[in-house]
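J.: See data-v2.txt below, with compact mmCIF, C-alpha atoms.
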```txt
# COMPACT_ATOMS: atom_id res chain seq x y z
CA MET X 1 16.48 -40.39 43.46
CA GLU X 2 18.15 -37.51 41.64
CA LEU X 3 21.62 -36.01 41.53
CA HIS X 4 22.21 -32.44 40.46
CA GLY X 5 25.16 -30.83 38.74
CA ILE X 6 26.13 -28.21 36.18
CA THR X 7 25.28 -28.65 32.50
CA ALA X 8 28.53 -28.85 30.53
CA ALA X 9 27.03 -30.20 27.31
CA ALA X 10 23.30 -30.42 26.70
CA GLY X 11 21.51 -33.61 25.68
CA PHE X 12 19.75 -36.65 27.04
CA ALA X 13 20.93 -40.24 27.51
CA LYS X 14 19.99 -43.43 29.33
CA GLY X 15 22.34 -46.23 30.16
CA LYS X 16 24.25 -48.27 32.70
CA VAL X 17 26.75 -46.61 35.00
CA LYS X 18 30.44 -47.47 34.93
CA ILE X 19 32.44 -45.86 37.70
CA VAL X 20 36.00 -44.95 36.68
CA LEU X 21 38.36 -44.27 39.57
CA ASN X 22 41.63 -45.37 37.92
CA LYS X 23 43.23 -46.03 34.53
CA ASP X 24 42.39 -49.74 34.56
CA ALA X 25 38.68 -49.02 34.91
CA LEU X 26 38.76 -47.13 31.60
CA GLN X 27 39.10 -50.46 29.78
CA ARG X 28 35.72 -51.57 31.17
CA ILE X 29 33.74 -48.86 29.38
CA ASP X 30 31.46 -50.32 26.71
CA SER X 31 29.59 -48.49 24.01
CA GLY X 32 26.56 -46.72 25.48
CA ASP X 33 27.72 -46.78 29.12
CA ILE X 34 27.40 -43.71 31.31
CA LEU X 35 30.93 -42.80 32.37
CA VAL X 36 31.03 -41.58 35.98
CA THR X 37 34.30 -40.27 37.37
CA VAL X 38 35.78 -37.66 39.71
CA MET X 39 37.27 -35.72 36.79
CA THR X 40 38.54 -36.69 33.34
CA THR X 41 42.08 -36.53 31.93
CA PRO X 42 43.39 -36.83 28.37
CA GLU X 43 43.70 -40.60 28.72
CA CYS X 44 39.93 -40.82 29.31
CA VAL X 45 39.12 -39.58 25.80
CA PRO X 46 38.80 -43.03 24.10
CA ALA X 47 36.40 -44.10 26.88
CA MET X 48 34.51 -40.81 26.59
CA LYS X 49 34.01 -41.51 22.88
CA LYS X 50 32.39 -44.86 23.72
CA ALA X 51 30.19 -43.48 26.51
CA SER X 52 26.73 -42.12 25.84
CA ALA X 53 27.08 -39.50 28.59
CA ILE X 54 29.63 -38.28 31.11
CA ILE X 55 29.08 -37.38 34.77
CA THR X 56 31.79 -35.96 37.04
CA ASP X 57 32.08 -35.06 40.72
CA GLU X 58 34.24 -32.00 40.05
CA GLY X 59 35.02 -29.38 37.44
CA GLY X 60 33.65 -26.22 35.87
CA ILE X 61 32.33 -25.17 32.46
CA THR X 62 35.86 -25.12 30.95
CA CYS X 63 37.21 -28.30 32.59
CA HIS X 64 38.52 -31.16 30.46
CA ALA X 65 35.29 -33.20 30.69
CA ALA X 66 33.18 -30.21 29.67
CA ILE X 67 35.29 -29.24 26.65
CA VAL X 68 35.73 -32.78 25.31
CA SER X 69 32.07 -33.72 25.76
CA ARG X 70 30.98 -30.59 23.86
CA GLU X 71 33.45 -31.43 21.10
CA LEU X 72 32.11 -34.99 20.98
CA GLY X 73 28.49 -33.86 21.25
CA LYS X 74 27.85 -36.06 24.33
CA PRO X 75 25.61 -35.00 27.23
CA CYS X 76 27.72 -34.08 30.23
CA ILE X 77 26.96 -33.05 33.81
CA ILE X 78 29.84 -31.82 35.92
CA GLY X 79 30.30 -30.81 39.54
CA THR X 80 27.80 -33.26 41.07
CA LYS X 81 30.22 -33.64 44.02
CA ILE X 82 28.86 -37.10 44.95
CA ALA X 83 28.18 -39.06 41.74
CA THR X 84 31.06 -41.52 42.21
CA LYS X 85 29.92 -42.21 45.78
CA VAL X 86 26.16 -42.45 45.23
CA LEU X 87 26.14 -44.32 41.91
CA HIS X 88 27.40 -47.87 41.44
CA ASP X 89 28.46 -49.99 38.49
CA GLY X 90 25.41 -51.31 36.66
CA ASP X 91 22.91 -48.76 37.98
CA GLU X 92 20.52 -47.66 35.25
CA VAL X 93 20.32 -43.90 35.03
CA GLU X 94 18.81 -41.17 32.91
CA VAL X 95 21.04 -38.18 32.20
CA ASP X 96 19.03 -35.04 31.52
CA ALA X 97 21.95 -32.73 30.83
CA ASP X 98 19.73 -29.85 29.70
CA LYS X 99 18.55 -29.60 33.31
CA GLY X 100 21.72 -30.88 34.97
CA VAL X 101 19.87 -33.81 36.52
CA VAL X 102 20.79 -37.51 36.84
CA ARG X 103 17.88 -39.79 37.74
CA ILE X 104 18.47 -43.27 39.07
CA LEU X 105 15.99 -45.56 37.29
CA LYS X 106 17.08 -48.92 38.67
CA ARG X 107 19.77 -49.99 41.08
CA ALA X 108 22.12 -52.75 40.02
CA SER X 109 21.27 -55.97 41.79
CA ALA X 110 23.80 -56.76 44.54
CA MET D 1 49.31 -12.70 37.43
CA GLN D 2 47.94 -9.24 38.26
CA LEU D 3 48.81 -8.12 34.71
CA LEU D 4 46.98 -11.12 33.34
CA LEU D 5 43.93 -10.19 35.40
CA LYS D 6 44.20 -6.54 34.37
CA HIS D 7 44.30 -7.48 30.69
CA THR D 8 41.33 -9.79 31.24
CA TYR D 9 39.32 -6.97 32.80
CA LEU D 10 40.17 -4.88 29.73
CA LEU D 11 39.49 -7.84 27.41
CA ASP D 12 42.90 -7.10 25.88
CA ILE D 13 43.47 -10.39 24.06
CA ASP D 14 47.02 -9.53 22.92
CA GLY D 15 47.92 -8.56 26.49
CA ILE D 16 46.48 -11.83 27.82
CA LYS D 17 48.40 -13.82 25.18
CA SER D 18 51.65 -12.12 26.08
CA ASP D 19 51.12 -12.58 29.86
CA LEU D 20 50.31 -16.27 29.45
CA GLU D 21 53.41 -16.72 27.25
CA ARG D 22 55.58 -15.01 29.86
CA LEU D 23 54.24 -17.22 32.65
CA TRP D 24 54.55 -20.38 30.51
CA ARG D 25 58.17 -19.55 29.63
CA ARG D 26 58.98 -18.98 33.31
CA TYR D 27 57.28 -22.30 34.20
CA GLN D 28 59.26 -24.14 31.52
CA TYR D 29 62.50 -22.47 32.62
CA ILE D 30 61.93 -23.67 36.20
CA LEU D 31 61.21 -27.23 35.02
CA ASP D 32 64.43 -27.14 32.99
CA ASN D 33 66.45 -25.67 35.91
CA PRO D 34 64.67 -26.97 39.00
CA ASN D 35 65.25 -26.23 42.66
CA TRP D 36 62.82 -26.54 45.57
CA ASP D 37 62.17 -22.81 45.92
CA ASP D 38 61.46 -22.24 42.23
CA LEU D 39 59.40 -25.41 41.92
CA ASN D 40 56.96 -23.86 44.35
CA GLU D 41 56.77 -20.86 42.03
CA ALA D 42 56.09 -23.29 39.17
CA ARG D 43 53.35 -24.85 41.31
CA ALA D 44 51.83 -21.39 41.77
CA ILE D 45 51.98 -20.69 38.01
CA LEU D 46 50.43 -24.08 37.26
CA PHE D 47 47.56 -23.52 39.71
CA LEU D 48 46.93 -19.86 38.89
CA THR D 49 47.04 -20.20 35.12
CA GLY D 50 45.70 -23.75 34.60
CA ARG D 51 43.05 -23.80 37.29
CA VAL D 52 42.19 -20.29 38.47
CA PHE D 53 42.63 -18.41 35.18
CA CYS D 54 41.36 -20.99 32.70
CA GLU D 55 38.57 -22.46 34.84
CA GLU D 56 37.41 -19.54 36.97
CA ILE D 57 38.49 -16.16 35.59
CA VAL D 58 37.93 -16.78 31.87
CA PRO D 59 34.45 -18.33 32.27
CA GLY D 60 33.56 -15.47 34.63
CA ALA D 61 34.78 -12.83 32.16
CA ILE D 62 32.79 -14.47 29.37
CA LYS D 63 29.63 -14.95 31.43
CA ARG D 64 29.58 -11.30 32.52
CA ARG D 65 29.65 -10.13 28.89
CA LEU D 66 27.20 -12.53 27.21
CA HIS D 67 24.24 -10.21 27.80
CA LEU D 68 26.09 -7.47 25.91
CA LEU D 69 26.10 -9.46 22.67
CA ALA D 70 23.92 -8.12 19.86
CA LYS D 71 22.00 -11.41 20.13
CA PRO D 72 22.58 -12.65 23.69
CA VAL D 73 23.17 -16.39 24.10
CA SER D 74 23.28 -18.59 27.19
CA GLU D 75 26.62 -19.70 28.60
CA ILE D 76 26.13 -23.28 27.45
CA ASP D 77 25.06 -22.19 23.95
CA PHE D 78 28.16 -20.00 23.69
CA TYR D 79 30.56 -22.85 24.56
CA SER D 80 28.65 -25.46 22.56
CA ALA D 81 28.59 -23.30 19.43
CA ILE D 82 32.38 -22.96 19.55
CA ASP D 83 33.26 -26.52 20.60
CA ASN D 84 30.77 -28.09 18.18
CA GLU D 85 31.70 -25.74 15.33
CA SER D 86 27.98 -24.99 15.15
CA GLN D 87 26.37 -23.67 11.98
CA ASN D 88 25.34 -20.60 14.00
CA LEU D 89 28.97 -19.61 14.41
CA SER D 90 29.16 -17.57 11.22
CA LEU D 91 26.13 -15.57 12.31
CA LEU D 92 27.43 -15.13 15.87
CA ARG D 93 30.79 -14.01 14.53
CA SER D 94 29.21 -10.98 12.89
CA ASP D 95 29.27 -9.48 16.41
CA PRO D 96 32.79 -8.17 17.23
CA LEU D 97 32.24 -8.82 20.97
CA PHE D 98 31.44 -12.47 20.26
CA CYS D 99 34.71 -12.74 18.30
CA GLN D 100 36.65 -11.31 21.25
CA LEU D 101 34.99 -13.69 23.72
CA GLU D 102 35.57 -16.62 21.37
CA GLU D 103 39.22 -15.69 21.09
CA LEU D 104 39.50 -15.51 24.89
CA TYR D 105 37.95 -18.96 25.26
CA ARG D 106 40.13 -20.47 22.53
CA LEU D 107 43.18 -18.92 24.18
CA ALA D 108 42.32 -20.60 27.50
CA LYS D 109 41.67 -23.92 25.72
CA GLU D 110 44.95 -23.72 23.82
CA TYR D 111 46.82 -22.89 27.03
CA LYS D 112 45.29 -25.81 28.92
CA ASN D 113 46.18 -28.17 26.08
CA ARG D 114 49.90 -27.40 26.25
CA ASN D 115 51.97 -30.34 27.33
CA ALA D 116 55.53 -29.67 26.10
CA ASN D 117 57.55 -32.72 27.18
CA GLY D 118 54.99 -34.36 29.42
CA GLY D 119 52.05 -36.55 28.55
CA TYR D 120 49.69 -34.55 30.78
CA TYR D 121 48.33 -31.13 30.01
CA LEU D 122 50.47 -28.21 31.15
CA ASP D 123 53.47 -30.51 31.52
CA GLU D 124 52.04 -31.54 34.86
CA GLU D 125 53.55 -35.01 34.78
CA ARG D 126 57.08 -33.60 34.52
CA PHE D 127 56.31 -31.02 37.20
CA MET D 128 55.01 -33.67 39.63
CA LYS D 129 58.09 -35.87 39.15
CA LEU D 130 60.42 -32.94 39.83
CA TYR D 131 58.34 -31.79 42.82
CA GLU D 132 58.59 -35.23 44.44
CA GLN D 133 62.29 -35.46 43.60
CA PHE D 134 63.21 -32.07 45.14
CA LYS D 135 60.89 -32.22 48.12
CA PRO D 136 62.90 -31.75 51.36
CA ALA D 137 62.94 -34.68 53.78
CA GLN D 138 60.94 -32.82 56.45
CA ASP D 139 58.08 -32.43 53.95
CA ALA D 140 58.22 -36.04 52.80
CA SER D 141 54.77 -36.85 54.15
CA LEU D 142 53.17 -33.96 52.24
CA LYS D 143 51.40 -35.15 49.13
CA LEU D 144 50.69 -32.88 46.21
CA GLY D 145 46.97 -32.28 45.92
CA TYR D 146 46.27 -33.76 49.36
CA ARG D 147 43.10 -32.20 50.68
CA GLY D 148 43.36 -33.33 54.25
CA LYS D 149 40.64 -34.75 56.43
CA PHE D 150 38.58 -31.86 57.58
CA GLY D 151 36.84 -33.68 60.42
CA ALA D 152 40.12 -35.18 61.64
CA ASP D 153 41.76 -31.76 61.65
CA LEU D 154 38.95 -30.38 63.77
CA GLU D 155 39.27 -33.30 66.19
CA SER D 156 42.98 -32.63 66.57
CA PHE D 157 42.06 -29.12 67.72
CA GLY D 158 39.63 -30.58 70.23
CA LEU D 159 36.59 -29.20 68.36
```
For this file, write the structure as structure tokens.

T.:
Amino acid sequence: MELHGITAAAGFAKGKVKIVLNKDALQRIDSGDILVTVMTTPECVPAMKKASAIITDEGGITCHAAIVSRELGKPCIIGTKIATKVLHDGDEVEVDADKGVVRILKRASA
Amino acid sequence: MQLLLKHTYLLDIDGIKSDLERLWRRYQYILDNPNWDDLNEARAILFLTGRVFCEEIVPGAIKRRLHLLAKPVSEIDFYSAIDNESQNLSLLRSDPLFCQLEELYRLAKEYKNRNANGGYYLDEERFMKLYEQFKPAQDASLKLGYRGKFGADLESFGL
């Protein structure tokens, strides 16, 4: 299954999804995780630094997630609309930010 | 806001700077001297400058001009070169149009990064506190940023 969005920062990454819907969830981001959120705010930056890629539901080419990910050199796909609903913690995904595509490789076991 | 748009059409960077400053000063003045009426003006400034201008109008103005560069670049290459401080920047900057577009983008970034007394960008945290504080009782159930339930709204109209 694939999700599509807008390329905010090019690049490629594979990793496990961590859904971030509130401040507390930011603490759960480990190095190499794929950070998935509705949109990022300044307090997300430390977690964005740890993540290997960033995926958001909302935002445009100059949104916070897009700017910070380009500054950090991390692949980023924005405006997927449904990433936080379709993806779940622990899902293994491939982020092909050059094409704006997220591929689900393996679902987390229930 | 119409002046800001006019100066953007003209790619008049000094005009854009001055319009943004004027709107920011008005926004700060309202937050320092709040009342319900003016706070709704502050809300309009926050939305029009932070969201519409910085995230819609500026990217649109840049995108429309990228093909006019001496060496055209894609949208993503334009933003990445600037945000990454790419080695190509010195070459790209030999084109005066690129320099103007870069300045426009940096202006929007700098504006979005302003936070004055609040922790959030554009002093939004302070604005939201004041908005909740001054909200009249009859609007108490209205939540800032509430998007409604589209289906539910339709049902209430019997559709």

J.: Select, from X:Ala51, X:Leu3, X:Met39, X:Val101, the residue with the minimum atom-to-atom distance to X:Leu87, counting all atoms listed in the file.

T.: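 Closest to X:Leu87 of all the choices is X:Leu3.
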
J.: Pull out every residue of chain D sitting within 9 Å of chain X, counting only C-alpha atoms, and send them as a list of chain:residue names.

T.: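 Residues of chain D within 9 Å of chain X, counting only C-alpha atoms: D:Arg51, D:Cys54, D:Glu55, D:Glu56, D:Val58, D:Pro59, D:Glu75, D:Ile76, D:Asp77, D:Tyr79, D:Ser80, D:Ala81, D:Ile82, D:Asp83, D:Asn84, D:Glu85, D:Tyr105, D:Ala108, D:Lys109, D:Lys112, D:Gly119, D:Tyr120, D:Tyr121.
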
J.: Write out as a ChimeraX atom specification the residues lying within 6 Å of X:Ile6, counting only C-alpha atoms and excluding same-chain residues fewer than 5 positions away.

T.: /X:77-79,100

J.: At what distance in Å, to one decimal, does atom CA of D:Leu89 lie from atom CA of D:Leu69?

T.: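 Atom CA of D:Leu89 lies 13.4 Å from atom CA of D:Leu69.
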
J.: May I ask for the distance between atom CA of D:Thr8 and atom CA of D:Arg25, given in Å to one decimal place?

T.: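 Between atom CA of D:Thr8 and atom CA of D:Arg25 the gap is 19.5 Å.
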
J.: Would you please work out which residue, of D:Ile30, D:Ile62, D:Leu122, D:Leu3, is nearest to D:Leu46 when using only C-alpha atoms?

T.: D:Leu122

J.: Distance atom CA of D:Tyr131-atom CA of D:Tyr29, one decimal place?

T.: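 Value for the atom CA of D:Tyr131-atom CA of D:Tyr29 distance: 14.4 Å.
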
J.: I want to know what sits within 6 Å of stretch 33-36 of chain X, based on only C-alpha atoms, with residues of the same chain fewer than 5 positions away left out; could you give that as a PyMOL selection string?

T.: chain X and resi 15-19+51-56

J.: Just write the chosen residues, C-alpha atoms, as a JSON list (two decimals), in the coordinates of the input.

T.:
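Output file again_28.json is given in full below:
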```json
[["chain", "number", "residue", "atom", "x", "y", "z"],
["X", 15, "GLY", "CA", 22.34, -46.23, 30.16],
["X", 16, "LYS", "CA", 24.25, -48.27, 32.70],
["X", 17, "VAL", "CA", 26.75, -46.61, 35.00],
["X", 18, "LYS", "CA", 30.44, -47.47, 34.93],
["X", 19, "ILE", "CA", 32.44, -45.86, 37.70],
["X", 51, "ALA", "CA", 30.19, -43.48, 26.51],
["X", 52, "SER", "CA", 26.73, -42.12, 25.84],
["X", 53, "ALA", "CA", 27.08, -39.50, 28.59],
["X", 54, "ILE", "CA", 29.63, -38.28, 31.11],
["X", 55, "ILE", "CA", 29.08, -37.38, 34.77],
["X", 56, "THR", "CA", 31.79, -35.96, 37.04]]
```

J.: With distances taken over only C-alpha atoms, which residue among X:Lys23, X:His88, X:His4, X:Arg28 lies nearest X:Cys76?

T.: X:His4

J.: From the structure just shown, export stretch 36-71 of chain X with N, CA and C atoms as a PDB file, in the first residue's frame.

T.:
```pdb
ATOM      1  N   VAL X  36       5.707  10.598  12.203  1.00  0.00           N
ATOM      2  CA  VAL X  36       4.460  10.848  11.469  1.00  0.00           C
ATOM      3  C   VAL X  36       3.550  11.696  12.345  1.00  0.00           C
ATOM      4  N   THR X  37       3.146  12.843  11.836  1.00  0.00           N
ATOM      5  CA  THR X  37       2.339  13.751  12.642  1.00  0.00           C
ATOM      6  C   THR X  37       1.405  14.571  11.747  1.00  0.00           C
ATOM      7  N   VAL X  38       0.469  15.267  12.374  1.00  0.00           N
ATOM      8  CA  VAL X  38      -0.452  16.106  11.592  1.00  0.00           C
ATOM      9  C   VAL X  38       0.328  17.283  11.014  1.00  0.00           C
ATOM     10  N   MET X  39       1.021  17.999  11.873  1.00  0.00           N
ATOM     11  CA  MET X  39       1.940  19.063  11.447  1.00  0.00           C
ATOM     12  C   MET X  39       2.935  19.295  12.572  1.00  0.00           C
ATOM     13  N   THR X  40       4.111  19.803  12.258  1.00  0.00           N
ATOM     14  CA  THR X  40       5.124  19.980  13.301  1.00  0.00           C
ATOM     15  C   THR X  40       5.091  21.400  13.852  1.00  0.00           C
ATOM     16  N   THR X  41       5.639  21.546  15.064  1.00  0.00           N
ATOM     17  CA  THR X  41       5.770  22.847  15.729  1.00  0.00           C
ATOM     18  C   THR X  41       7.214  22.964  16.215  1.00  0.00           C
ATOM     19  N   PRO X  42       7.617  24.134  16.697  1.00  0.00           N
ATOM     20  CA  PRO X  42       9.008  24.277  17.142  1.00  0.00           C
ATOM     21  C   PRO X  42       9.439  23.234  18.180  1.00  0.00           C
ATOM     22  N   GLU X  43       8.515  22.800  19.023  1.00  0.00           N
ATOM     23  CA  GLU X  43       8.912  21.838  20.053  1.00  0.00           C
ATOM     24  C   GLU X  43       9.173  20.432  19.482  1.00  0.00           C
ATOM     25  N   CYS X  44       8.848  20.235  18.218  1.00  0.00           N
ATOM     26  CA  CYS X  44       9.109  18.927  17.570  1.00  0.00           C
ATOM     27  C   CYS X  44      10.548  18.820  17.074  1.00  0.00           C
ATOM     28  N   VAL X  45      11.282  19.924  17.059  1.00  0.00           N
ATOM     29  CA  VAL X  45      12.602  19.920  16.407  1.00  0.00           C
ATOM     30  C   VAL X  45      13.566  18.874  16.980  1.00  0.00           C
ATOM     31  N   PRO X  46      13.683  18.716  18.319  1.00  0.00           N
ATOM     32  CA  PRO X  46      14.600  17.672  18.821  1.00  0.00           C
ATOM     33  C   PRO X  46      14.220  16.280  18.312  1.00  0.00           C
ATOM     34  N   ALA X  47      12.915  16.004  18.235  1.00  0.00           N
ATOM     35  CA  ALA X  47      12.465  14.700  17.720  1.00  0.00           C
ATOM     36  C   ALA X  47      12.735  14.597  16.218  1.00  0.00           C
ATOM     37  N   MET X  48      12.589  15.711  15.513  1.00  0.00           N
ATOM     38  CA  MET X  48      12.855  15.702  14.065  1.00  0.00           C
ATOM     39  C   MET X  48      14.325  15.402  13.800  1.00  0.00           C
ATOM     40  N   LYS X  49      15.192  15.887  14.694  1.00  0.00           N
ATOM     41  CA  LYS X  49      16.635  15.621  14.534  1.00  0.00           C
ATOM     42  C   LYS X  49      16.936  14.136  14.670  1.00  0.00           C
ATOM     43  N   LYS X  50      16.193  13.450  15.565  1.00  0.00           N
ATOM     44  CA  LYS X  50      16.419  12.015  15.769  1.00  0.00           C
ATOM     45  C   LYS X  50      15.838  11.181  14.630  1.00  0.00           C
ATOM     46  N   ALA X  51      14.737  11.653  14.055  1.00  0.00           N
ATOM     47  CA  ALA X  51      14.022  10.865  13.040  1.00  0.00           C
ATOM     48  C   ALA X  51      14.848  10.740  11.767  1.00  0.00           C
ATOM     49  N   SER X  52      14.570   9.657  11.017  1.00  0.00           N
ATOM     50  CA  SER X  52      15.271   9.516   9.736  1.00  0.00           C
ATOM     51  C   SER X  52      14.454  10.133   8.605  1.00  0.00           C
ATOM     52  N   ALA X  53      13.146  10.334   8.848  1.00  0.00           N
ATOM     53  CA  ALA X  53      12.298  11.002   7.857  1.00  0.00           C
ATOM     54  C   ALA X  53      11.059  11.540   8.566  1.00  0.00           C
ATOM     55  N   ILE X  54      10.415  12.480   7.926  1.00  0.00           N
ATOM     56  CA  ILE X  54       9.226  13.116   8.516  1.00  0.00           C
ATOM     57  C   ILE X  54       8.081  13.038   7.513  1.00  0.00           C
ATOM     58  N   ILE X  55       6.905  12.676   8.025  1.00  0.00           N
ATOM     59  CA  ILE X  55       5.690  12.617   7.189  1.00  0.00           C
ATOM     60  C   ILE X  55       4.598  13.404   7.913  1.00  0.00           C
ATOM     61  N   THR X  56       3.910  14.281   7.192  1.00  0.00           N
ATOM     62  CA  THR X  56       2.817  15.026   7.840  1.00  0.00           C
ATOM     63  C   THR X  56       1.514  14.882   7.044  1.00  0.00           C
ATOM     64  N   ASP X  57       0.410  15.101   7.748  1.00  0.00           N
ATOM     65  CA  ASP X  57      -0.909  15.105   7.089  1.00  0.00           C
ATOM     66  C   ASP X  57      -1.111  16.421   6.339  1.00  0.00           C
ATOM     67  N   GLU X  58      -0.621  17.514   6.944  1.00  0.00           N
ATOM     68  CA  GLU X  58      -0.934  18.845   6.412  1.00  0.00           C
ATOM     69  C   GLU X  58       0.333  19.590   6.002  1.00  0.00           C
ATOM     70  N   GLY X  59       0.127  20.827   5.522  1.00  0.00           N
ATOM     71  CA  GLY X  59       1.247  21.720   5.264  1.00  0.00           C
ATOM     72  C   GLY X  59       1.589  21.879   3.796  1.00  0.00           C
ATOM     73  N   GLY X  60       2.337  22.951   3.527  1.00  0.00           N
ATOM     74  CA  GLY X  60       2.798  23.251   2.176  1.00  0.00           C
ATOM     75  C   GLY X  60       4.317  23.341   2.160  1.00  0.00           C
ATOM     76  N   ILE X  61       4.857  23.750   1.028  1.00  0.00           N
ATOM     77  CA  ILE X  61       6.306  23.735   0.795  1.00  0.00           C
ATOM     78  C   ILE X  61       7.075  24.673   1.740  1.00  0.00           C
ATOM     79  N   THR X  62       6.380  25.645   2.340  1.00  0.00           N
ATOM     80  CA  THR X  62       7.063  26.538   3.301  1.00  0.00           C
ATOM     81  C   THR X  62       6.539  26.348   4.729  1.00  0.00           C
ATOM     82  N   CYS X  63       5.912  25.201   5.012  1.00  0.00           N
ATOM     83  CA  CYS X  63       5.447  24.967   6.386  1.00  0.00           C
ATOM     84  C   CYS X  63       6.651  24.627   7.276  1.00  0.00           C
ATOM     85  N   HIS X  64       6.419  24.592   8.575  1.00  0.00           N
ATOM     86  CA  HIS X  64       7.489  24.343   9.535  1.00  0.00           C
ATOM     87  C   HIS X  64       8.227  23.032   9.241  1.00  0.00           C
ATOM     88  N   ALA X  65       7.464  21.957   9.019  1.00  0.00           N
ATOM     89  CA  ALA X  65       8.085  20.643   8.771  1.00  0.00           C
ATOM     90  C   ALA X  65       8.986  20.692   7.536  1.00  0.00           C
ATOM     91  N   ALA X  66       8.513  21.374   6.496  1.00  0.00           N
ATOM     92  CA  ALA X  66       9.265  21.428   5.239  1.00  0.00           C
ATOM     93  C   ALA X  66      10.584  22.187   5.432  1.00  0.00           C
ATOM     94  N   ILE X  67      10.505  23.344   6.064  1.00  0.00           N
ATOM     95  CA  ILE X  67      11.709  24.173   6.241  1.00  0.00           C
ATOM     96  C   ILE X  67      12.733  23.452   7.119  1.00  0.00           C
ATOM     97  N   VAL X  68      12.268  22.941   8.263  1.00  0.00           N
ATOM     98  CA  VAL X  68      13.212  22.321   9.205  1.00  0.00           C
ATOM     99  C   VAL X  68      13.827  21.061   8.603  1.00  0.00           C
ATOM    100  N   SER X  69      13.022  20.262   7.907  1.00  0.00           N
ATOM    101  CA  SER X  69      13.589  19.032   7.338  1.00  0.00           C
ATOM    102  C   SER X  69      14.621  19.353   6.263  1.00  0.00           C
ATOM    103  N   ARG X  70      14.395  20.414   5.500  1.00  0.00           N
ATOM    104  CA  ARG X  70      15.413  20.801   4.491  1.00  0.00           C
ATOM    105  C   ARG X  70      16.680  21.282   5.193  1.00  0.00           C
ATOM    106  N   GLU X  71      16.497  22.029   6.279  1.00  0.00           N
ATOM    107  CA  GLU X  71      17.676  22.504   7.016  1.00  0.00           C
ATOM    108  C   GLU X  71      18.449  21.336   7.629  1.00  0.00           C
TER     109      GLU X  71
END
```
